[in-house]
Amino acid sequence: MNIIDIFTNPLILRMFLGALLIGVLISLSASLLGVTLVLKKYSMLGDGLAHIGFGSMAISALTEKIVSDKFGTSIGEYSLLISVPIVIAAALFILKLNEKSKLSGDSAIALVSTSALALGYIIYRYATGQASDVCSSMFGSASLLTPSSADIITTVVLAVIVIGIFILCYNRIFAVTFDETFSKAVGINTEKYKTVIAILVALTIVMGMKMLGTVMISGLIVFPALSAMRVCKTFKGVISVCAVISVSCSALGIILAFLIDNMPIGPCVVMVNLVLYIALTLVGRVKTGK
């Protein structure tokens with residue numbers, strides 16, 4: 001396929017625009033939260049929740065099988081909604097486990113995420129009789145897979161929630177990100193806003209895991225933030241540049257996925273982000289002489 005086919009074939013154009021809309025919304029949501037996660041050294045939270053997202057998708061597949069067998073109907077278009085409470089609950093559990101247990105943050109995330117990954121694989125085998133869906137679940141949809149109306153609606157709603165809450169809580173999140181001790185001193189409920197951040201990350205993971213894949217979505221959270229930090233030094237500046245980088249890389253990655261037949265979108269998006277990060281790092285070293 002070439003670039004002309006995308007814009008001249010109505011069916012392919014519809015597929016492309018649907019994927020692009022979802023990609024832009026996911027990118028914007030991820031860019032807002034990525035900076036906070038990187039600065040607070042919570043990057044592993046996104047990666048851990050992405051693995052848990054795989055387990056939640058397996059549970060969705062099992063639920064669909066049970067409903068189909070008993071009632072003869074399909075909930076495939078709405079299966080993504082089943083993942084929302086599961087991933088949110090996992091995010092809150094990880095926070096509590098980190099605070100109340102003797103495990104360090106990374107250990108708590110590794111414990112929960114690895115268990116979810118293993119359990120998810122077993123559930124997939126039981127639900128489908130094979131592991132055929134594992135690759136697409138982990139690395140994202142094939143480039144020519146048309147997003148369903150339910151997927152688009154779900155993504156739009158979740159993106160509005162994530163972006164809206166982040167904007168409303170921006171000042172508090174900024175304070176908690178840079179100085180948690182000072183935030184407590186001035187009366188900010190830091191635990192509340194850490195919980196808010198964890199829930200927003202969970203929603204972003206749910207948004208992206210079907211199209212980009214549960215393994216790839218964490219890269220979309222981390223890479224744009226790291227790239228933006230090579231360019232800007234202020235929090236607001238980094239977030240603004242991060243949003244531009246995230247959306248641009250996602251759009252380019254989606255285009256590449258459509259041009260390369262049967263290539264999943266997730267790896268293409270992550271590789272574009274990786275190339276940009278390496279380029280900005282090299283430019284920065286040349287400028288500083290290091």
# chains A, B, ... in the order shown; residues from 1 in each chain; ligands from 1
>>> residues_around(residues="Ile239 (chain A)", least_positions_apart="3", cutoff="8 Å", atoms="only C-alpha atoms", output="list in words")
Ser31, Leu32, Val35, Ala225, Ala228, Phe235, Lys236, Cys242 and Ala243 of chain A
>>> residues_around(residues="Val247 (chain A)", least_positions_apart="4", cutoff="9 Å", atoms="only C-alpha atoms", output="list of chain:residue names")
A:Gly23, A:Val24, A:Leu25, A:Ile26, A:Ser27, A:Leu28, A:Ser31, A:Cys242, A:Ala243, A:Ala251, A:Leu252
>>> write_last_selection(atoms="N, CA, C and O atoms", output="mmCIF file, in the first residue's frame")
data_model
loop_
_atom_site.group_PDB
_atom_site.id
_atom_site.type_symbol
_atom_site.label_atom_id
_atom_site.label_comp_id
_atom_site.auth_asym_id
_atom_site.auth_seq_id
_atom_site.Cartn_x
_atom_site.Cartn_y
_atom_site.Cartn_z
ATOM 1 N N GLY A 23 -5.617 7.312 18.166
ATOM 2 C CA GLY A 23 -4.208 7.531 18.456
ATOM 3 C C GLY A 23 -3.925 8.906 19.028
ATOM 4 O O GLY A 23 -3.145 9.052 19.979
ATOM 5 N N VAL A 24 -4.560 9.934 18.484
ATOM 6 C CA VAL A 24 -4.364 11.307 18.970
ATOM 7 C C VAL A 24 -4.870 11.459 20.400
ATOM 8 O O VAL A 24 -4.210 12.060 21.259
ATOM 9 N N LEU A 25 -6.043 10.914 20.685
ATOM 10 C CA LEU A 25 -6.619 11.022 22.029
ATOM 11 C C LEU A 25 -5.770 10.285 23.060
ATOM 12 O O LEU A 25 -5.535 10.796 24.162
ATOM 13 N N ILE A 26 -5.308 9.107 22.698
ATOM 14 C CA ILE A 26 -4.440 8.341 23.604
ATOM 15 C C ILE A 26 -3.134 9.099 23.837
ATOM 16 O O ILE A 26 -2.643 9.192 24.969
ATOM 17 N N SER A 27 -2.575 9.648 22.769
ATOM 18 C CA SER A 27 -1.302 10.366 22.856
ATOM 19 C C SER A 27 -1.404 11.586 23.762
ATOM 20 O O SER A 27 -0.506 11.846 24.578
ATOM 21 N N LEU A 28 -2.483 12.343 23.618
ATOM 22 C CA LEU A 28 -2.674 13.526 24.464
ATOM 23 C C LEU A 28 -2.779 13.133 25.930
ATOM 24 O O LEU A 28 -2.156 13.754 26.805
ATOM 25 N N SER A 31 0.631 11.916 27.193
ATOM 26 C CA SER A 31 1.635 12.976 27.304
ATOM 27 C C SER A 31 1.473 13.780 28.588
ATOM 28 O O SER A 31 2.464 14.204 29.203
ATOM 29 N N CYS A 242 5.773 17.795 25.050
ATOM 30 C CA CYS A 242 5.487 16.368 25.142
ATOM 31 C C CYS A 242 4.210 16.029 24.373
ATOM 32 O O CYS A 242 4.149 15.009 23.669
ATOM 33 N N ALA A 243 3.187 16.875 24.499
ATOM 34 C CA ALA A 243 1.929 16.647 23.786
ATOM 35 C C ALA A 243 2.142 16.689 22.277
ATOM 36 O O ALA A 243 1.625 15.842 21.540
ATOM 37 N N ALA A 251 0.883 9.819 15.077
ATOM 38 C CA ALA A 251 0.346 9.974 13.720
ATOM 39 C C ALA A 251 1.288 9.353 12.692
ATOM 40 O O ALA A 251 0.856 8.622 11.796
ATOM 41 N N LEU A 252 2.593 9.618 12.833
ATOM 42 C CA LEU A 252 3.571 9.061 11.902
ATOM 43 C C LEU A 252 3.634 7.539 12.022
ATOM 44 O O LEU A 252 3.720 6.818 11.018
#
>>> closest_residue(among="A:Val286, A:Ile161, A:Leu256, A:Ile217", to="Val270 (chain A)", atoms="only C-alpha atoms")
A:Ile217
